[in-house]
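Novice: Okay, here's the structure, questions in a sec.
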Amino acid sequence: MTALLRRFAAVLIVLIVAAAPALAQGQGQLGLQVSSDGSFLSETSAFGLHETIHFRVAVPSGTIDSATFQIRPKGNGDRIQDALHLDADRNFYGASVPVSTLQGKAGDWEVSVELTSGRSRFRAGVTVEVERPSDDGDDGDDGDDGDGDDSDDGDGHQTIELRGKVEAVGTASLTVGGREIHVIDRTRIVAPNGTVLADLLDQTVEIEAVEAADGTLVAVVIKLIASDRQSVSLKGKITQTGAEHIVVKKLELQLTSTTVIEDEDGHALAAADLKEGMQVSVDASKADGAWVATHVVVRLRTSASDDDREEIEGQVTTVTDTELVVGDFTFAITDQTHFAGGSSIADLVPGDQVEVEYVEESGTLIALRIKKENDNGRNEVDARGVIDALGSETFGVDGVVFLVNSDTEFESKLPFDITFGDLAIGVEVEVEATVQDGGSLLATRVRVKGGMGDMQELEGLIDGISDSSLLVSGTDVQVSDVTDIKGERGSKLTLADLQVGETVRVHAVAKSDGSLFAVKIKLLVRYQDDDVEIAGNISELNADLRTLTVGNLSFQVTVDTDIRDRSGDELFYEGLSLGMTVKIEGFESDQGLVAAEISVKQDLSIAGRLTGPVTEIASDAIVVAGTRFSIDADTRIDNGIPDIGDPATVRFRHLADGSLYAERIRPADAGTADEVTHAGKIEAIDGFTLTVSGVMVEFASADLVDENALPISAAALALGQRVLVTGTAGDAGIIAAHIAVQETIIVAGVITAKLVDRFRTAGLEIGVSSNTDFSDGTNQSIALEDIPEGSFIEVVAVTEVGGLLQADLILIQASASSIANESADLPSGFVLHQNYPNPFNPVTTLAFELSARTDVTLTVFDVLGRRVQTLVRGVLPAGRHEVQWVGRVSSGAEAPSGLYLYALTVGQERFTRSMTLIR
């Protein structure tokens, strides 16, 4: 991150509440200082993994009853709360928190302090950024990856894993595979109590490390691998729990007082936290005939690049030509079994230490790959990370160099074979290597985990099917045994189950020659009358019932529910957390709502809405409450532009260039002449100033409340929140008198009932008002009474005090007639295909077919029905036609991110589909 960005990362919020005589300023400035060193010689806002956040506030005069601090992530996660301590000179209240205490989670963290004296209260807060090095830029998000492989720290930054024998130990470092790894105070060592660094010499360890700014490796976690030959390491689902045991893969594992139980982020758990159905990784050893778990890690995610293989490491107890027994597990040796290093079953004897990769088929464990550990102990190194260097016969992974030769194995979950020549910088790999004489590392196996191939999303009709491919909207996509094909509501399908004419969404990888290979195919069945979709923040999780609640809708999460994080990795139920923004696609069953798909989102894209007096009108702009909005011929204007001085409501978008574009203008209800209301998303916080959907809001004297109308502090305001601001127009925006945080959801379903001012969909009652916007893909005004029951709609709604949902925007996705008869989606005479790719940035292809020469129009609209661009207008011959939209409006400017509609009109018939532009 550049120095400029670091300076902007610090956001200082100071709030003084004086219900009695105010706290008087003591020594120093009455504000919060943050530094990476305890001397506070310089202040900073950016911290590395190995650093400590020191913060303090000057002691005010008067008696202090309490002094506390809180650190919480801007996104989701646990907060830290504790008391502030008075320094020796009694000048400052302060505390120090190691970054490692924050679970190494990069991103923005809010540090706030509170001092109370009687009825007086002082609060101050600052936002700090936790940085992690070696950004691979693959996902650009700030969410927690936690995929079980530790290859991603949760914010798009790579860590490296090393596994091997400790070759040297220093006072604060150790060497594995010729690479020195520094050990700091916050390095966590997972080993028996009393183990010190010197005890690790010649022991086999697993290390998770990050690269510091100077290029050195710093250990986050060091895990001692038991030297006991009667030990196993395995992954699987807990099928049974007891007070002192769990069962994983039919193996009963005893839990003792020395068993280390934690999640992937290192949070300590208790035995009572382990539940049936949880995915875990377990290290265990055999003692007195029983298996005792030494280390249990609850897995939250599995990488999209992982396959169905399981792994176990342990000692061979029995071996024949057809069977291998390791740790009480019996594996069948078949034609599928591969022996690493050119060995064979004849080379194995009881007592050998092996790693076995296997799959379970009809209750039988099939060994797919068997690797024998070297006789002289594990003189090997395992690493996982991103390729950062490539040579003719070498490659580097986060600074560790590996040699390759003709015996090096290359594997991936990709639906085609790979070689050394397919590797590229930026590809994430898992490497097994041996330490050769002289200390060089020879890669024996390289498994691609991610970053290879150009992943594409293609959505459209199936035009043709062969034994190994699909023709989707004119594009040929290869299908293999590893392609995951899902049907309606998560059911598993095969290629033979698909039919020409069905709509599918394909996630495919492009090979170097440009050919596409499908990784995942989903059959799309649109707008069934029992479909329910909702997007919003998780408000409740019930682990015992395996349910989650968003916007008062509770969904059952089953074994068939497909849960994905923002990077596309599979997320287990345990990886969901309160406050997380998700989109749920589900359906109604006899037992209630069932989630078919859950996908984690960064936030919800919502337009701003401002109401206030018109102060200026021009041909290309309107100024409302001192805020300027550009307008053009496509701006939807209801009942004419109000006169200067009259109140108006403007729905608008904050464009990438910083300008505000009016999508719709309408007269507002008469109110206080100078009253201004504004609803939007917090985009920036700077002292007592917010940027809310591009509008500046000064809130030094405003009352602040949460979704339940309860008072909150300024420190509780966070980026991404939707707020409703009430105040007056100022010189550069709005002077707020009241700010209310609003919970927002986006729900889709069939209208089942209507009244004058409300309707029911997806089991929710939602109100409408004069502020509710409607869109059916045209630029005409419609009302609730114009929408027939049975129509499938998408609604942006906010929760008002008392729990009532109020519709902000209603988008009609399909009419009642098209749901009742899906063939109405394909009018006779022409077919409009789904655009591809979708979502897209910035180019997408729109395809349609005509049965005869005819006059057609193809137009792109926004969700309010405002025409964005006309792509086709004129007479075209029969056949298939394709046209590209480059994500621009008719003026040539870039269209903002969001949902768009495209409509094909042929004669009196018209059909509309939706697409999503993501910049």
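We name chains A, B, ... following the order of the structure tokens; residues begin at 1 in each chain, and ligands are numbered from 1 as shown.
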Select from region 538-637 of chain A everything DSSP, run on the backbone, classes as strand (DSSP E), then give the selection as a PyMOL selection string.
Specialist: chain A and resi 538-542+547-550+553-564+570-571+581-589+592-600+608-617+621-624+627-630+636-637
Novice: Quick check, in Å to one decimal: how far apart do CA of Arg179 (chain A) and CA of Val400 (chain A) lie?
Specialist: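 The value is 7.3 Å.
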Novice: Kindly give the distance, in Å, that separates CA of Asp565 (chain A) and CA of Ser577 (chain A), rounded to a single decimal.
Specialist: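 So the answer is 11.9 Å.
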Novice: Restricting the calculation to only C-alpha atoms, which member of A:Asp808, A:Glu459, A:Asp646, A:Asp321 is positioned closest to Asn835 (chain A)?
Specialist: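 Among A:Asp808, A:Glu459, A:Asp646, A:Asp321, it is A:Glu459 that comes nearest to Asn835 (chain A).
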Novice: Could you check the closest approach to Phe587 (chain A) for each of A:Ala243, A:Ala762, A:Leu717, A:Val756 and tell me which residue wins, using only C-alpha atoms?
Specialist: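 Between A:Ala243, A:Ala762, A:Leu717, A:Val756, the residue approaching Phe587 (chain A) most closely is A:Ala762.
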Novice: Identify, on the basis of only C-alpha atoms, every residue whose closest approach to Arg853 (chain A) does not exceed 12 Å; exclude the query and any residue fewer than 4 positions from it along the same chain; express the result as JSON, numbers by chain.
Specialist: {"A": [829, 830, 849, 874, 875, 876, 877, 878, 879, 880, 881, 906, 907]}
Novice: Suppose we keep N, CA, C and O atoms; can you now write the selection as a PDB file, in the first residue's frame?
Specialist:
```
ATOM      1  N   GLY A 829     -41.581 -17.174 -32.742  1.00  0.00           N
ATOM      2  CA  GLY A 829     -40.992 -16.289 -33.736  1.00  0.00           C
ATOM      3  C   GLY A 829     -39.620 -15.787 -33.366  1.00  0.00           C
ATOM      4  O   GLY A 829     -38.864 -15.385 -34.242  1.00  0.00           O
ATOM      5  N   PHE A 830     -39.272 -15.776 -32.063  1.00  0.00           N
ATOM      6  CA  PHE A 830     -37.926 -15.355 -31.718  1.00  0.00           C
ATOM      7  C   PHE A 830     -37.543 -15.916 -30.351  1.00  0.00           C
ATOM      8  O   PHE A 830     -38.400 -16.297 -29.547  1.00  0.00           O
ATOM      9  N   GLU A 849     -32.441 -15.128 -31.648  1.00  0.00           N
ATOM     10  CA  GLU A 849     -32.729 -15.861 -32.874  1.00  0.00           C
ATOM     11  C   GLU A 849     -34.079 -15.431 -33.429  1.00  0.00           C
ATOM     12  O   GLU A 849     -35.037 -15.230 -32.676  1.00  0.00           O
ATOM     13  N   GLY A 874     -33.878  -2.089 -36.406  1.00  0.00           N
ATOM     14  CA  GLY A 874     -33.985  -2.243 -37.845  1.00  0.00           C
ATOM     15  C   GLY A 874     -34.446  -3.633 -38.237  1.00  0.00           C
ATOM     16  O   GLY A 874     -34.772  -4.472 -37.396  1.00  0.00           O
ATOM     17  N   VAL A 875     -34.457  -3.875 -39.548  1.00  0.00           N
ATOM     18  CA  VAL A 875     -34.906  -5.155 -40.094  1.00  0.00           C
ATOM     19  C   VAL A 875     -33.704  -6.096 -40.202  1.00  0.00           C
ATOM     20  O   VAL A 875     -32.659  -5.733 -40.744  1.00  0.00           O
ATOM     21  N   LEU A 876     -33.876  -7.318 -39.664  1.00  0.00           N
ATOM     22  CA  LEU A 876     -32.824  -8.319 -39.701  1.00  0.00           C
ATOM     23  C   LEU A 876     -33.356  -9.608 -40.313  1.00  0.00           C
ATOM     24  O   LEU A 876     -34.548  -9.921 -40.190  1.00  0.00           O
ATOM     25  N   PRO A 877     -32.495 -10.376 -40.967  1.00  0.00           N
ATOM     26  CA  PRO A 877     -32.925 -11.642 -41.559  1.00  0.00           C
ATOM     27  C   PRO A 877     -33.128 -12.709 -40.496  1.00  0.00           C
ATOM     28  O   PRO A 877     -32.716 -12.559 -39.342  1.00  0.00           O
ATOM     29  N   ALA A 878     -33.739 -13.815 -40.890  1.00  0.00           N
ATOM     30  CA  ALA A 878     -33.921 -14.950 -39.987  1.00  0.00           C
ATOM     31  C   ALA A 878     -32.553 -15.521 -39.611  1.00  0.00           C
ATOM     32  O   ALA A 878     -31.577 -15.399 -40.351  1.00  0.00           O
ATOM     33  N   GLY A 879     -32.484 -16.154 -38.426  1.00  0.00           N
ATOM     34  CA  GLY A 879     -31.254 -16.779 -37.979  1.00  0.00           C
ATOM     35  C   GLY A 879     -30.791 -16.237 -36.641  1.00  0.00           C
ATOM     36  O   GLY A 879     -31.503 -15.488 -35.967  1.00  0.00           O
ATOM     37  N   ARG A 880     -29.588 -16.624 -36.271  1.00  0.00           N
ATOM     38  CA  ARG A 880     -29.006 -16.215 -34.995  1.00  0.00           C
ATOM     39  C   ARG A 880     -28.228 -14.912 -35.158  1.00  0.00           C
ATOM     40  O   ARG A 880     -27.483 -14.738 -36.131  1.00  0.00           O
ATOM     41  N   HIS A 881     -28.389 -14.019 -34.190  1.00  0.00           N
ATOM     42  CA  HIS A 881     -27.701 -12.730 -34.216  1.00  0.00           C
ATOM     43  C   HIS A 881     -27.051 -12.492 -32.855  1.00  0.00           C
ATOM     44  O   HIS A 881     -27.625 -12.841 -31.815  1.00  0.00           O
ATOM     45  N   VAL A 906     -40.058  -7.572 -30.971  1.00  0.00           N
ATOM     46  CA  VAL A 906     -40.338  -8.041 -32.330  1.00  0.00           C
ATOM     47  C   VAL A 906     -41.826  -7.838 -32.564  1.00  0.00           C
ATOM     48  O   VAL A 906     -42.656  -8.549 -31.988  1.00  0.00           O
ATOM     49  N   GLY A 907     -42.189  -6.881 -33.411  1.00  0.00           N
ATOM     50  CA  GLY A 907     -43.604  -6.585 -33.631  1.00  0.00           C
ATOM     51  C   GLY A 907     -44.250  -6.127 -32.342  1.00  0.00           C
ATOM     52  O   GLY A 907     -43.793  -5.187 -31.694  1.00  0.00           O
TER      53      GLY A 907
END
```
Novice: I'd like to know which of A:Pro192, A:Gly501, A:Pro350, A:Gly38 is closest to Leu324 (chain A), using only C-alpha atoms.
Specialist: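 Result for the nearest residue to Leu324 (chain A): A:Pro350.
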Novice: Env of region 235-240 of chain A: 6 Å cut, atoms = only C-alpha atoms, seq-sep filter 2 positions within chain, self excluded. Answer as number ranges by chain.
Specialist: A: 246-248, 276-281
Novice: Could you pull out the helix (DSSP H, G or I) residues of region 343-437 of chain A from DSSP and send them as an NGL selection string?
Specialist: :A and (345-347 or 420-422)
Novice: Measuring between only C-alpha atoms, which one of A:Glu616, A:Asp335, A:Glu663, A:Glu357 shows the shortest distance to Pro642 (chain A)?
Specialist: A:Glu616
Novice: Taking only C-alpha atoms into account, name the residue in A:Val477, A:Ala903, A:Val519, A:Ile746 that is nearest to Glu585 (chain A).
Specialist: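 That would be A:Ile746, the residue with the smallest distance to Glu585 (chain A).
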